[in-house]
$ cat upload10.pdb   # PDB, C-alpha atoms
ATOM      1  CA  MET A  83      87.569 -47.184  -8.043
ATOM      2  CA  VAL A  84      84.371 -46.601  -6.112
ATOM      3  CA  ASP A  85      81.208 -48.324  -7.268
ATOM      4  CA  VAL A  86      77.819 -46.647  -7.397
ATOM      5  CA  ALA A  87      76.611 -49.125  -4.767
ATOM      6  CA  ASP A  88      79.396 -48.000  -2.399
ATOM      7  CA  VAL A  89      78.420 -44.354  -2.821
ATOM      8  CA  ILE A  90      74.763 -45.182  -2.204
ATOM      9  CA  GLY A  91      75.777 -47.174   0.889
ATOM     10  CA  LEU A  92      77.776 -44.225   2.216
ATOM     11  CA  VAL A  93      74.841 -41.889   1.593
ATOM     12  CA  VAL A  94      72.552 -44.300   3.474
ATOM     13  CA  ILE A  95      74.961 -44.297   6.434
ATOM     14  CA  LEU A  96      75.127 -40.492   6.405
ATOM     15  CA  VAL A  97      71.343 -40.061   6.213
ATOM     16  CA  VAL A  98      70.612 -42.648   8.916
ATOM     17  CA  ASN A  99      73.282 -41.264  11.254
ATOM     18  CA  SER A 100      72.093 -37.678  10.709
ATOM     19  CA  GLY A 101      68.514 -38.670  11.463
ATOM     20  CA  VAL A 102      69.517 -40.524  14.615
ATOM     21  CA  ALA A 103      71.628 -37.555  15.741
ATOM     22  CA  ALA A 104      68.677 -35.194  15.209
ATOM     23  CA  LEU A 105      66.359 -37.519  17.147
ATOM     24  CA  LEU A 106      68.864 -37.872  19.997
ATOM     25  CA  THR A 107      69.274 -34.109  20.161
ATOM     26  CA  ARG A 108      65.512 -33.565  20.263
ATOM     27  CA  PHE A 109      65.095 -36.274  22.902
ATOM     28  CA  PHE A 110      67.741 -34.752  25.161
ATOM     29  CA  ARG A 111      66.395 -31.223  24.655
ATOM     30  CA  VAL A 112      62.881 -32.322  25.608
ATOM     31  CA  ARG A 113      63.817 -34.543  28.552
ATOM     32  CA  LEU A 114      66.558 -32.492  30.230
ATOM     33  CA  ASP A 115      65.579 -29.248  31.947
ATOM     34  CA  THR A 116      69.087 -27.851  32.366
ATOM     35  CA  ASP A 117      70.950 -25.503  30.052
ATOM     36  CA  TRP A 118      74.058 -27.676  29.628
ATOM     37  CA  GLY A 119      72.446 -31.115  29.937
ATOM     38  CA  PRO A 120      71.503 -31.643  26.284
ATOM     39  CA  ALA A 121      74.882 -30.376  25.051
ATOM     40  CA  VAL A 122      76.820 -32.671  27.378
ATOM     41  CA  PHE A 123      74.688 -35.708  26.618
ATOM     42  CA  ILE A 124      74.763 -35.213  22.852
ATOM     43  CA  THR A 125      78.561 -34.774  22.827
ATOM     44  CA  VAL A 126      79.125 -37.826  25.044
ATOM     45  CA  ILE A 127      76.369 -40.262  24.093
ATOM     46  CA  GLY A 128      75.792 -39.148  20.494
ATOM     47  CA  PRO A 129      79.153 -40.278  19.059
ATOM     48  CA  VAL A 130      78.912 -43.624  20.867
ATOM     49  CA  VAL A 131      75.472 -44.312  19.385
ATOM     50  CA  LEU A 132      76.606 -43.203  15.922
ATOM     51  CA  LEU A 133      79.743 -45.357  16.176
ATOM     52  CA  ALA A 134      77.647 -48.417  17.049
ATOM     53  CA  LEU A 135      75.236 -47.637  14.231
ATOM     54  CA  THR A 136      78.104 -47.174  11.764
ATOM     55  CA  LEU A 137      79.646 -50.484  12.825
ATOM     56  CA  VAL A 138      76.323 -52.253  12.259
ATOM     57  CA  LEU A 139      75.655 -50.597   8.899
ATOM     58  CA  ALA A 140      79.204 -50.918   7.546
ATOM     59  CA  GLY A 141      80.014 -54.288   9.123
ATOM     60  CA  PRO A 142      77.365 -56.973   8.698
ATOM     61  CA  LEU A 143      75.352 -55.002   6.140
ATOM     62  CA  SER A 144      78.486 -54.076   4.120
ATOM     63  CA  LEU A 145      77.312 -50.574   3.228
ATOM     64  CA  GLY A 146      79.764 -47.929   2.081
ATOM     65  CA  PRO A 147      83.217 -47.947   0.523
ATOM     66  CA  ASN A 148      86.618 -48.383   2.135
ATOM     67  CA  LEU A 149      87.483 -44.773   2.972
ATOM     68  CA  GLY A 150      91.136 -45.541   3.677
ATOM     69  CA  SER A 151      91.939 -43.893   6.994
ATOM     70  CA  PRO A 152      90.212 -44.203  10.370
ATOM     71  CA  ALA A 153      90.195 -40.409  10.765
ATOM     72  CA  LEU A 154      88.232 -40.019   7.534
ATOM     73  CA  VAL A 155      85.762 -42.695   8.629
ATOM     74  CA  VAL A 156      85.183 -40.975  11.992
ATOM     75  CA  GLY A 157      84.869 -37.577  10.342
ATOM     76  CA  ALA A 158      82.572 -38.693   7.541
ATOM     77  CA  THR A 159      80.316 -41.122   9.383
ATOM     78  CA  ILE A 160      80.229 -39.747  12.934
ATOM     79  CA  LEU A 161      81.251 -36.085  13.200
ATOM     80  CA  LEU A 162      79.584 -34.832  10.011
ATOM     81  CA  PRO A 163      76.203 -36.518  10.682
ATOM     82  CA  LEU A 164      76.350 -35.493  14.348
ATOM     83  CA  SER A 165      76.895 -31.857  13.463
ATOM     84  CA  MET A 166      74.202 -31.982  10.756
ATOM     85  CA  GLY A 167      71.679 -33.600  13.107
ATOM     86  CA  VAL A 168      72.362 -31.138  15.925
ATOM     87  CA  ALA A 169      72.195 -28.186  13.533
ATOM     88  CA  PHE A 170      68.916 -29.477  12.102
ATOM     89  CA  ASP A 171      67.344 -29.745  15.541
ATOM     90  CA  TYR A 172      68.639 -26.449  16.915
ATOM     91  CA  PHE A 173      68.150 -24.268  13.836
ATOM     92  CA  TRP A 174      65.274 -25.848  11.914
ATOM     93  CA  MET A 175      62.950 -27.281  14.578
ATOM     94  CA  PRO A 176      61.140 -25.050  17.088
ATOM     95  CA  ALA A 177      62.428 -25.059  20.654
ATOM     96  CA  PRO A 178      60.673 -27.540  22.942
ATOM     97  CA  GLU A 179      59.315 -24.644  25.034
ATOM     98  CA  GLU A 180      57.570 -23.140  21.989
ATOM     99  CA  VAL A 181      55.561 -26.262  21.119
ATOM    100  CA  ASP A 182      52.013 -26.314  22.517
ATOM    101  CA  LEU A 183      50.921 -29.738  23.650
ATOM    102  CA  PRO A 184      47.342 -30.775  24.409
ATOM    103  CA  ASP A 185      46.375 -31.285  28.022
ATOM    104  CA  ARG A 186      46.614 -34.847  29.258
ATOM    105  CA  GLN A 187      43.412 -36.418  30.418
ATOM    106  CA  VAL A 188      43.667 -38.978  33.169
ATOM    107  CA  GLY A 189      41.384 -41.832  32.954
TER     108      GLY A 189
END
$ encode --input "upload10.pdb" --output "structure tokens"
Amino acid sequence: MVDVADVIGLVVILVVNSGVAALLTRFFRVRLDTDWGPAVFITVIGPVVLLALTLVLAGPLSLGPNLGSPALVVGATILLPLSMGVAFDYFWMPAPEEVDLPDRQVG
């Protein structure tokens, strides 16, 4: 049976991973000037970062329940937050080109 603490731990992992995925997506969209660059970087680097973060949160910090199968762990803690973070950045946030920034003053 799953404890309330395990469910809260899983929710913490999902929220943290989704936030990191959204920040990574925004970072790559702002820094890379190509059309395919952000998509390639978020599909290659994003899962690696989320895997490392999941290992830290679920390993030494002991957050989350035992989900049973490795496929469910990858789907629930990496693919779902990655897709939620990317969707948040692409559909909710304005495009980097639409944001007006103040002029930089040297000196």
$ atom_distance --input "upload10.pdb" --atom1 "atom CA of Val138 of chain A" --atom2 "atom CA of Gly167 of chain A"
19.2 Å
$ atom_distance --input "upload10.pdb" --atom1 "atom CA of Ile90 of chain A" --atom2 "atom CA of Leu162 of chain A"
16.7 Å
$ resolve_selection --input "upload10.pdb" --expression "the PyMOL selection byres ((chain A and resi 121-130) around 9)" --output "VMD selection string"
chain A and resid 102 to 103 106 to 107 110 to 111 117 to 120 131 to 135 160 to 161 164 168
$ atom_distance --input "upload10.pdb" --atom1 "atom CA of Asp85 of chain A" --atom2 "atom CA of Val156 of chain A"
21.0 Å
$ closest_residue --input "upload10.pdb" --among "A:Ala169, A:Asp185, A:Thr159, A:Leu114" --to "Leu139 of chain A" --atoms "all atoms listed in the file"
A:Thr159
$ closest_residue --input "upload10.pdb" --among "A:Val89, A:Asn99, A:Arg108, A:Val188" --to "Tyr172 of chain A" --atoms "only C-alpha atoms"
A:Arg108
$ residues_around --input "upload10.pdb" --residues "Met166 of chain A" --least-positions-apart "6" --cutoff "9 Å" --atoms "only C-alpha atoms" --output "PyMOL selection string"
chain A and resi 100-101+103-104
$ resolve_selection --input "upload10.pdb" --expression "the PyMOL selection byres ((chain A and resi 177) around 12)" --output "PyMOL selection string"
chain A and resi 107-112+170-176+178-182
$ write_last_selection --input "upload10.pdb" --atoms "C-alpha atoms" --output "PDB file, in the frame of the given file"
ATOM      1  CA  THR A 107      69.274 -34.109  20.161  1.00  0.00           C
ATOM      2  CA  ARG A 108      65.512 -33.565  20.263  1.00  0.00           C
ATOM      3  CA  PHE A 109      65.095 -36.274  22.902  1.00  0.00           C
ATOM      4  CA  PHE A 110      67.741 -34.752  25.161  1.00  0.00           C
ATOM      5  CA  ARG A 111      66.395 -31.223  24.655  1.00  0.00           C
ATOM      6  CA  VAL A 112      62.881 -32.322  25.608  1.00  0.00           C
ATOM      7  CA  PHE A 170      68.916 -29.477  12.102  1.00  0.00           C
ATOM      8  CA  ASP A 171      67.344 -29.745  15.541  1.00  0.00           C
ATOM      9  CA  TYR A 172      68.639 -26.449  16.915  1.00  0.00           C
ATOM     10  CA  PHE A 173      68.150 -24.268  13.836  1.00  0.00           C
ATOM     11  CA  TRP A 174      65.274 -25.848  11.914  1.00  0.00           C
ATOM     12  CA  MET A 175      62.950 -27.281  14.578  1.00  0.00           C
ATOM     13  CA  PRO A 176      61.140 -25.050  17.088  1.00  0.00           C
ATOM     14  CA  PRO A 178      60.673 -27.540  22.942  1.00  0.00           C
ATOM     15  CA  GLU A 179      59.315 -24.644  25.034  1.00  0.00           C
ATOM     16  CA  GLU A 180      57.570 -23.140  21.989  1.00  0.00           C
ATOM     17  CA  VAL A 181      55.561 -26.262  21.119  1.00  0.00           C
ATOM     18  CA  ASP A 182      52.013 -26.314  22.517  1.00  0.00           C
TER      19      ASP A 182
END
$ residues_around --input "upload10.pdb" --residues "Val93 of chain A" --least-positions-apart "5" --cutoff "9 Å" --atoms "all atoms listed in the file" --output "PDB file with C-alpha atoms, in the coordinates of the input"
ATOM      1  CA  ASP A  88      79.396 -48.000  -2.399  1.00  0.00           C
ATOM      2  CA  VAL A  98      70.612 -42.648   8.916  1.00  0.00           C
ATOM      3  CA  GLY A 146      79.764 -47.929   2.081  1.00  0.00           C
TER       4      GLY A 146
END
$ closest_residue --input "upload10.pdb" --among "A:Val155, A:Asn148, A:Thr136, A:Gly141" --to "Val97 of chain A" --atoms "only C-alpha atoms"
A:Thr136
$ build_atoms --input "upload10.pdb" --residues "segment 136-155 of chain A" --atoms "N, CA and C atoms" --output "short mmCIF file (atom, residue, chain, number, x, y, z; two decimals), in the frame of the given file"
data_model
loop_
_atom_site.label_atom_id
_atom_site.label_comp_id
_atom_site.auth_asym_id
_atom_site.auth_seq_id
_atom_site.Cartn_x
_atom_site.Cartn_y
_atom_site.Cartn_z
N THR A 136 77.19 -47.06 12.91
CA THR A 136 78.10 -47.17 11.76
C THR A 136 78.71 -48.57 11.68
N LEU A 137 79.09 -49.13 12.83
CA LEU A 137 79.65 -50.48 12.82
C LEU A 137 78.63 -51.50 12.34
N VAL A 138 77.37 -51.32 12.71
CA VAL A 138 76.32 -52.25 12.26
C VAL A 138 76.06 -52.08 10.76
N LEU A 139 75.95 -50.83 10.31
CA LEU A 139 75.66 -50.60 8.90
C LEU A 139 76.82 -50.96 7.99
N ALA A 140 78.04 -50.66 8.41
CA ALA A 140 79.20 -50.92 7.55
C ALA A 140 79.76 -52.33 7.72
N GLY A 141 79.48 -52.95 8.87
CA GLY A 141 80.01 -54.29 9.12
C GLY A 141 79.18 -55.38 8.50
N PRO A 142 78.17 -55.85 9.22
CA PRO A 142 77.36 -56.97 8.70
C PRO A 142 76.57 -56.63 7.44
N LEU A 143 76.13 -55.38 7.32
CA LEU A 143 75.35 -55.00 6.14
C LEU A 143 76.22 -54.60 4.95
N SER A 144 77.50 -54.39 5.17
CA SER A 144 78.49 -54.08 4.12
C SER A 144 78.11 -52.86 3.29
N LEU A 145 77.62 -51.81 3.94
CA LEU A 145 77.31 -50.57 3.23
C LEU A 145 78.54 -49.67 3.22
N GLY A 146 78.71 -48.93 2.16
CA GLY A 146 79.76 -47.93 2.08
C GLY A 146 81.08 -48.47 1.57
N PRO A 147 81.91 -47.56 1.07
CA PRO A 147 83.22 -47.95 0.52
C PRO A 147 84.28 -47.98 1.61
N ASN A 148 85.46 -48.46 1.26
CA ASN A 148 86.62 -48.38 2.13
C ASN A 148 87.18 -46.97 2.01
N LEU A 149 87.05 -46.17 3.05
CA LEU A 149 87.48 -44.77 2.97
C LEU A 149 88.99 -44.59 3.17
N GLY A 150 89.68 -45.63 3.60
CA GLY A 150 91.14 -45.54 3.68
C GLY A 150 91.68 -45.31 5.06
N SER A 151 91.37 -44.19 5.68
CA SER A 151 91.94 -43.89 6.99
C SER A 151 90.85 -43.86 8.06
N PRO A 152 91.20 -44.25 9.28
CA PRO A 152 90.21 -44.20 10.37
C PRO A 152 89.74 -42.78 10.67
N ALA A 153 90.60 -41.80 10.51
CA ALA A 153 90.20 -40.41 10.76
C ALA A 153 89.12 -39.96 9.78
N LEU A 154 89.25 -40.37 8.53
CA LEU A 154 88.23 -40.02 7.53
C LEU A 154 86.91 -40.73 7.82
N VAL A 155 86.98 -41.96 8.29
CA VAL A 155 85.76 -42.70 8.63
C VAL A 155 85.05 -42.01 9.79
#
